[in-house]
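**Q** You'll find structure_16.pdb just under this line, and it carries PDB, C-alpha atoms.
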```pdb
ATOM      1  CA  MET O   1     107.667 235.290 100.812  1.00  0.00           C
ATOM      2  CA  SER O   2     111.305 236.336 100.596  1.00  0.00           C
ATOM      3  CA  THR O   3     112.211 239.993 100.947  1.00  0.00           C
ATOM      4  CA  SER O   4     115.419 241.580  99.735  1.00  0.00           C
ATOM      5  CA  HIS O   5     117.371 244.093 101.789  1.00  0.00           C
ATOM      6  CA  SER O   6     116.312 246.953  99.511  1.00  0.00           C
ATOM      7  CA  GLU O   7     112.641 245.870  99.693  1.00  0.00           C
ATOM      8  CA  ALA O   8     112.856 245.853 103.501  1.00  0.00           C
ATOM      9  CA  ILE O   9     114.243 249.396 103.524  1.00  0.00           C
ATOM     10  CA  GLU O  10     111.608 250.524 101.024  1.00  0.00           C
ATOM     11  CA  ALA O  11     108.796 249.083 103.161  1.00  0.00           C
ATOM     12  CA  LEU O  12     110.093 250.921 106.239  1.00  0.00           C
ATOM     13  CA  LEU O  13     110.438 254.190 104.352  1.00  0.00           C
ATOM     14  CA  VAL O  14     106.935 253.875 102.877  1.00  0.00           C
ATOM     15  CA  SER O  15     105.645 253.440 106.428  1.00  0.00           C
ATOM     16  CA  GLY O  16     107.040 256.884 107.230  1.00  0.00           C
ATOM     17  CA  LYS O  17     110.121 255.821 109.191  1.00  0.00           C
ATOM     18  CA  THR O  18     113.506 257.437 108.737  1.00  0.00           C
ATOM     19  CA  VAL O  19     116.137 254.708 108.855  1.00  0.00           C
ATOM     20  CA  SER O  20     119.855 254.213 108.609  1.00  0.00           C
ATOM     21  CA  SER O  21     121.961 251.124 107.973  1.00  0.00           C
ATOM     22  CA  LEU O  22     124.879 249.506 109.696  1.00  0.00           C
ATOM     23  CA  PHE O  23     126.866 246.887 107.825  1.00  0.00           C
ATOM     24  CA  LEU O  24     129.723 244.446 107.865  1.00  0.00           C
ATOM     25  CA  ASP O  25     130.808 243.338 104.386  1.00  0.00           C
ATOM     26  CA  GLY O  26     133.324 240.738 103.352  1.00  0.00           C
ATOM     27  CA  ALA O  27     134.016 239.177 106.747  1.00  0.00           C
ATOM     28  CA  ILE O  28     135.731 235.825 106.194  1.00  0.00           C
ATOM     29  CA  ARG O  29     135.626 232.997 108.717  1.00  0.00           C
ATOM     30  CA  ASN O  30     136.578 229.315 108.569  1.00  0.00           C
ATOM     31  CA  VAL O  31     133.430 227.381 109.430  1.00  0.00           C
ATOM     32  CA  ASP O  32     132.705 223.667 109.717  1.00  0.00           C
ATOM     33  CA  VAL O  33     129.436 223.470 107.769  1.00  0.00           C
ATOM     34  CA  GLY O  34     128.034 221.186 105.103  1.00  0.00           C
ATOM     35  CA  VAL O  35     125.894 218.121 104.531  1.00  0.00           C
ATOM     36  CA  TYR O  36     128.371 216.115 102.486  1.00  0.00           C
ATOM     37  CA  GLU O  37     130.784 213.685 104.113  1.00  0.00           C
ATOM     38  CA  HIS O  38     133.838 215.445 102.639  1.00  0.00           C
ATOM     39  CA  GLU O  39     132.689 218.733 104.255  1.00  0.00           C
ATOM     40  CA  GLN O  40     132.278 217.357 107.755  1.00  0.00           C
ATOM     41  CA  GLY O  41     135.260 218.157 109.952  1.00  0.00           C
ATOM     42  CA  SER O  42     136.828 220.262 107.186  1.00  0.00           C
ATOM     43  CA  PRO O  43     136.190 223.960 107.837  1.00  0.00           C
ATOM     44  CA  GLN O  44     135.403 226.001 104.738  1.00  0.00           C
ATOM     45  CA  ARG O  45     136.124 229.644 104.030  1.00  0.00           C
ATOM     46  CA  LEU O  46     132.857 231.565 104.178  1.00  0.00           C
ATOM     47  CA  MET O  47     132.306 235.232 103.437  1.00  0.00           C
ATOM     48  CA  PHE O  48     129.592 237.061 105.350  1.00  0.00           C
ATOM     49  CA  ASP O  49     127.783 240.269 104.470  1.00  0.00           C
ATOM     50  CA  ILE O  50     125.501 241.680 107.158  1.00  0.00           C
ATOM     51  CA  HIS O  51     123.246 244.712 106.696  1.00  0.00           C
ATOM     52  CA  VAL O  52     121.091 245.996 109.535  1.00  0.00           C
ATOM     53  CA  VAL O  53     118.435 248.702 109.304  1.00  0.00           C
ATOM     54  CA  VAL O  54     117.958 250.759 112.455  1.00  0.00           C
ATOM     55  CA  ASP O  55     115.569 253.487 113.462  1.00  0.00           C
ATOM     56  CA  ASP O  56     117.309 256.756 112.614  1.00  0.00           C
ATOM     57  CA  SER O  57     116.829 258.471 115.935  1.00  0.00           C
ATOM     58  CA  ARG O  58     119.737 260.850 115.860  1.00  0.00           C
ATOM     59  CA  PRO O  59     121.788 261.029 119.055  1.00  0.00           C
ATOM     60  CA  SER O  60     121.535 264.210 121.090  1.00  0.00           C
ATOM     61  CA  ASN O  61     125.305 264.214 121.453  1.00  0.00           C
ATOM     62  CA  ASP O  62     128.275 262.636 119.715  1.00  0.00           C
ATOM     63  CA  SER O  63     128.574 259.631 122.032  1.00  0.00           C
ATOM     64  CA  ILE O  64     128.794 255.897 121.322  1.00  0.00           C
ATOM     65  CA  ASP O  65     126.384 255.144 124.164  1.00  0.00           C
ATOM     66  CA  ARG O  66     123.632 256.958 122.221  1.00  0.00           C
ATOM     67  CA  VAL O  67     123.710 254.655 119.191  1.00  0.00           C
ATOM     68  CA  LEU O  68     123.837 250.955 118.398  1.00  0.00           C
ATOM     69  CA  ASP O  69     127.564 250.178 118.232  1.00  0.00           C
ATOM     70  CA  TYR O  70     128.077 248.536 114.853  1.00  0.00           C
ATOM     71  CA  GLU O  71     130.889 246.391 116.286  1.00  0.00           C
ATOM     72  CA  TYR O  72     128.090 244.188 117.651  1.00  0.00           C
ATOM     73  CA  LEU O  73     127.908 242.795 114.107  1.00  0.00           C
ATOM     74  CA  ILE O  74     131.393 241.308 114.534  1.00  0.00           C
ATOM     75  CA  SER O  75     130.580 239.810 117.934  1.00  0.00           C
ATOM     76  CA  SER O  76     127.271 238.433 116.591  1.00  0.00           C
ATOM     77  CA  LEU O  77     129.136 236.748 113.748  1.00  0.00           C
ATOM     78  CA  ASP O  78     131.773 235.287 116.054  1.00  0.00           C
ATOM     79  CA  ARG O  79     129.144 233.982 118.523  1.00  0.00           C
ATOM     80  CA  THR O  80     127.182 232.366 115.706  1.00  0.00           C
ATOM     81  CA  VAL O  81     130.218 230.690 114.156  1.00  0.00           C
ATOM     82  CA  ALA O  82     131.122 229.281 117.597  1.00  0.00           C
ATOM     83  CA  MET O  83     127.699 227.581 117.998  1.00  0.00           C
ATOM     84  CA  ASP O  84     127.082 223.879 117.355  1.00  0.00           C
ATOM     85  CA  ARG O  85     128.009 222.744 113.858  1.00  0.00           C
ATOM     86  CA  PRO O  86     125.168 223.211 111.370  1.00  0.00           C
ATOM     87  CA  SER O  87     124.745 220.955 108.360  1.00  0.00           C
ATOM     88  CA  LEU O  88     123.032 223.590 106.240  1.00  0.00           C
ATOM     89  CA  LEU O  89     124.342 227.017 105.323  1.00  0.00           C
ATOM     90  CA  GLU O  90     120.734 228.179 105.671  1.00  0.00           C
ATOM     91  CA  THR O  91     120.774 227.147 109.340  1.00  0.00           C
ATOM     92  CA  LEU O  92     123.925 229.186 109.920  1.00  0.00           C
ATOM     93  CA  VAL O  93     122.436 232.233 108.181  1.00  0.00           C
ATOM     94  CA  THR O  94     119.204 231.910 110.185  1.00  0.00           C
ATOM     95  CA  ARG O  95     121.153 231.810 113.451  1.00  0.00           C
ATOM     96  CA  LEU O  96     123.174 234.873 112.477  1.00  0.00           C
ATOM     97  CA  LEU O  97     120.046 236.721 111.383  1.00  0.00           C
ATOM     98  CA  GLU O  98     118.456 236.045 114.776  1.00  0.00           C
ATOM     99  CA  GLU O  99     121.595 237.345 116.532  1.00  0.00           C
ATOM    100  CA  VAL O 100     121.743 240.607 114.589  1.00  0.00           C
ATOM    101  CA  MET O 101     117.981 241.181 114.935  1.00  0.00           C
ATOM    102  CA  ALA O 102     118.141 240.990 118.749  1.00  0.00           C
ATOM    103  CA  PRO O 103     118.763 244.667 119.642  1.00  0.00           C
ATOM    104  CA  ALA O 104     115.571 246.703 120.046  1.00  0.00           C
ATOM    105  CA  GLU O 105     116.860 249.379 117.655  1.00  0.00           C
ATOM    106  CA  VAL O 106     117.007 246.933 114.742  1.00  0.00           C
ATOM    107  CA  LEU O 107     114.050 247.160 112.370  1.00  0.00           C
ATOM    108  CA  ALA O 108     115.273 244.797 109.639  1.00  0.00           C
ATOM    109  CA  ALA O 109     118.365 242.860 108.661  1.00  0.00           C
ATOM    110  CA  SER O 110     119.855 240.940 105.784  1.00  0.00           C
ATOM    111  CA  VAL O 111     122.556 238.279 106.091  1.00  0.00           C
ATOM    112  CA  SER O 112     124.469 236.598 103.271  1.00  0.00           C
ATOM    113  CA  ALA O 113     126.935 233.740 103.563  1.00  0.00           C
ATOM    114  CA  SER O 114     128.981 232.543 100.613  1.00  0.00           C
ATOM    115  CA  LYS O 115     131.192 229.489 100.264  1.00  0.00           C
ATOM    116  CA  LEU O 116     134.368 230.763  98.616  1.00  0.00           C
ATOM    117  CA  ASP O 117     136.155 227.570  97.582  1.00  0.00           C
ATOM    118  CA  VAL O 118     133.432 225.347  96.125  1.00  0.00           C
ATOM    119  CA  THR O 119     133.796 226.196  92.427  1.00  0.00           C
ATOM    120  CA  ASP O 120     136.860 226.113  90.180  1.00  0.00           C
ATOM    121  CA  ASP O 121     136.577 229.801  89.327  1.00  0.00           C
ATOM    122  CA  ASP O 122     136.049 232.961  91.376  1.00  0.00           C
ATOM    123  CA  SER O 123     132.296 232.436  91.733  1.00  0.00           C
ATOM    124  CA  ARG O 124     130.639 231.882  95.094  1.00  0.00           C
ATOM    125  CA  LEU O 125     127.732 229.757  96.281  1.00  0.00           C
ATOM    126  CA  GLY O 126     125.580 230.814  99.186  1.00  0.00           C
ATOM    127  CA  CYS O 127     122.338 232.144 100.520  1.00  0.00           C
ATOM    128  CA  THR O 128     120.818 235.388 101.741  1.00  0.00           C
ATOM    129  CA  MET O 129     117.985 235.891 104.209  1.00  0.00           C
ATOM    130  CA  THR O 130     116.233 239.142 105.079  1.00  0.00           C
ATOM    131  CA  ARG O 131     113.753 239.792 107.864  1.00  0.00           C
ATOM    132  CA  VAL O 132     111.674 242.798 108.934  1.00  0.00           C
ATOM    133  CA  LYS O 133     110.465 242.992 112.562  1.00  0.00           C
TER
END
```
Could you express the structure from this file as structure tokens?
**A**
Amino acid sequence: MSTSHSEAIEALLVSGKTVSSLFLDGAIRNVDVGVYEHEQGSPQRLMFDIHVVVDDSRPSNDSIDRVLDYEYLISSLDRTVAMDRPSLLETLVTRLLEEVMAPAEVLAASVSASKLDVTDDDSRLGCTMTRVK
């Protein structure tokens, strides 16, 4: 069963947890992905939106070493894009979801990837995956 980002947050809140979110929206990367012959070897512009739900344990002081540094979202994206070429966008999104779910503080995450240049208008094609630990 697929879960949306808002459903994941709702489930955590219903369980009595206090949570907060970190996010990276609108990150664009050129990625070699696609099953069709004309896509292979021709990187496409993809836009990524990443939302991560973390346990809201407030830091005892105002220090970066007391929280999950949200810049890890950028490094997770860059590591994932540098991996072996996937044929499916779903494979790429799954890999990125696994990367952003790795820190112990992460309770849930949602990753979207959109192909920006597939249609003749401003619409986008893509997929979103959400997971709760």
**Q** I'd like to know which of O:Leu89, O:Leu77, O:Val54, O:Met129 is closest to O:Val33, using all atoms listed in the file.
**A** O:Leu89
**Q** From the set O:Ser21, O:Ala102, O:Ile74, O:Arg85, which residue has the shortest atom-to-atom contact distance to O:Ser42, counting all atoms listed in the file?
**A**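 Between O:Ser21, O:Ala102, O:Ile74, O:Arg85, the residue approaching O:Ser42 most closely is O:Arg85.
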**Q** Take the PyMOL selection byres ((chain O and resi 51) around 6), run it mentally on this structure, and tell me the resulting residues as a PDB file with C-alpha atoms, keeping the file's coordinate frame.
**A**
```
ATOM      1  CA  LEU O  22     124.879 249.506 109.696  1.00  0.00           C
ATOM      2  CA  PHE O  23     126.866 246.887 107.825  1.00  0.00           C
ATOM      3  CA  ILE O  50     125.501 241.680 107.158  1.00  0.00           C
ATOM      4  CA  VAL O  52     121.091 245.996 109.535  1.00  0.00           C
ATOM      5  CA  ALA O 109     118.365 242.860 108.661  1.00  0.00           C
ATOM      6  CA  SER O 110     119.855 240.940 105.784  1.00  0.00           C
TER       7      SER O 110
END
```
**Q** Please write as a list in words the full residue list that the PyMOL selection byres ((chain O and resi 34) around 9) yields on this file.
**A**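 Written out, the selection comes to Asp32, Val33, Val35, Tyr36, Glu37, His38, Glu39, Gln40, Gln44, Arg85, Pro86, Ser87, Leu88 and Leu89 of chain O.
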**Q** Go ahead and save the picked residues with C-alpha atoms, as a PDB file, in the frame of the given file.
**A**
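Saved file again24.pdb follows:
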```pdb
ATOM      1  CA  ASP O  32     132.705 223.667 109.717  1.00  0.00           C
ATOM      2  CA  VAL O  33     129.436 223.470 107.769  1.00  0.00           C
ATOM      3  CA  VAL O  35     125.894 218.121 104.531  1.00  0.00           C
ATOM      4  CA  TYR O  36     128.371 216.115 102.486  1.00  0.00           C
ATOM      5  CA  GLU O  37     130.784 213.685 104.113  1.00  0.00           C
ATOM      6  CA  HIS O  38     133.838 215.445 102.639  1.00  0.00           C
ATOM      7  CA  GLU O  39     132.689 218.733 104.255  1.00  0.00           C
ATOM      8  CA  GLN O  40     132.278 217.357 107.755  1.00  0.00           C
ATOM      9  CA  GLN O  44     135.403 226.001 104.738  1.00  0.00           C
ATOM     10  CA  ARG O  85     128.009 222.744 113.858  1.00  0.00           C
ATOM     11  CA  PRO O  86     125.168 223.211 111.370  1.00  0.00           C
ATOM     12  CA  SER O  87     124.745 220.955 108.360  1.00  0.00           C
ATOM     13  CA  LEU O  88     123.032 223.590 106.240  1.00  0.00           C
ATOM     14  CA  LEU O  89     124.342 227.017 105.323  1.00  0.00           C
TER      15      LEU O  89
END
```
**Q** If the PyMOL selection byres ((chain O and resi 107) around 8) were run on this exact file, what residues would it hold? Put them as a list in words.
**A** Val52, Val53, Val54, Asp55, Met101, Ala104, Glu105, Val106, Ala108, Ala109, Val132 and Lys133 of chain O
**Q** For O:Ala113, list every protein, DNA or RNA residue within 9 Å, evaluated using only C-alpha atoms, and leave out those in the same chain fewer than 2 positions away; present the list as a PyMOL selection string.
**A** chain O and resi 46-50+89-90+92-93+111+115+125-128
**Q** Just to confirm, what's the straight-line distance from atom CA of O:Glu99 to atom CA of O:Thr119 in Å (one decimal)?
**A** 29.2 Å
**Q** Could you jot down the atom CA of O:Asp78 to atom CA of O:Val118 separation for me, Å, one decimal place?
**A**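 Taking atom CA of O:Asp78 and atom CA of O:Val118, their separation equals 22.3 Å.
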**Q** Measuring atom to atom with all atoms listed in the file, identify which of O:Arg45, O:Arg131, O:Arg29, O:Lys17 is nearest to O:Leu116.
**A** O:Arg45
**Q** For atom CA of O:Glu7 and atom CA of O:Val81, quote the distance in Å rounded to one decimal.
**A**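 Computing the Euclidean distance for atom CA of O:Glu7 and atom CA of O:Val81 yields 27.4 Å.
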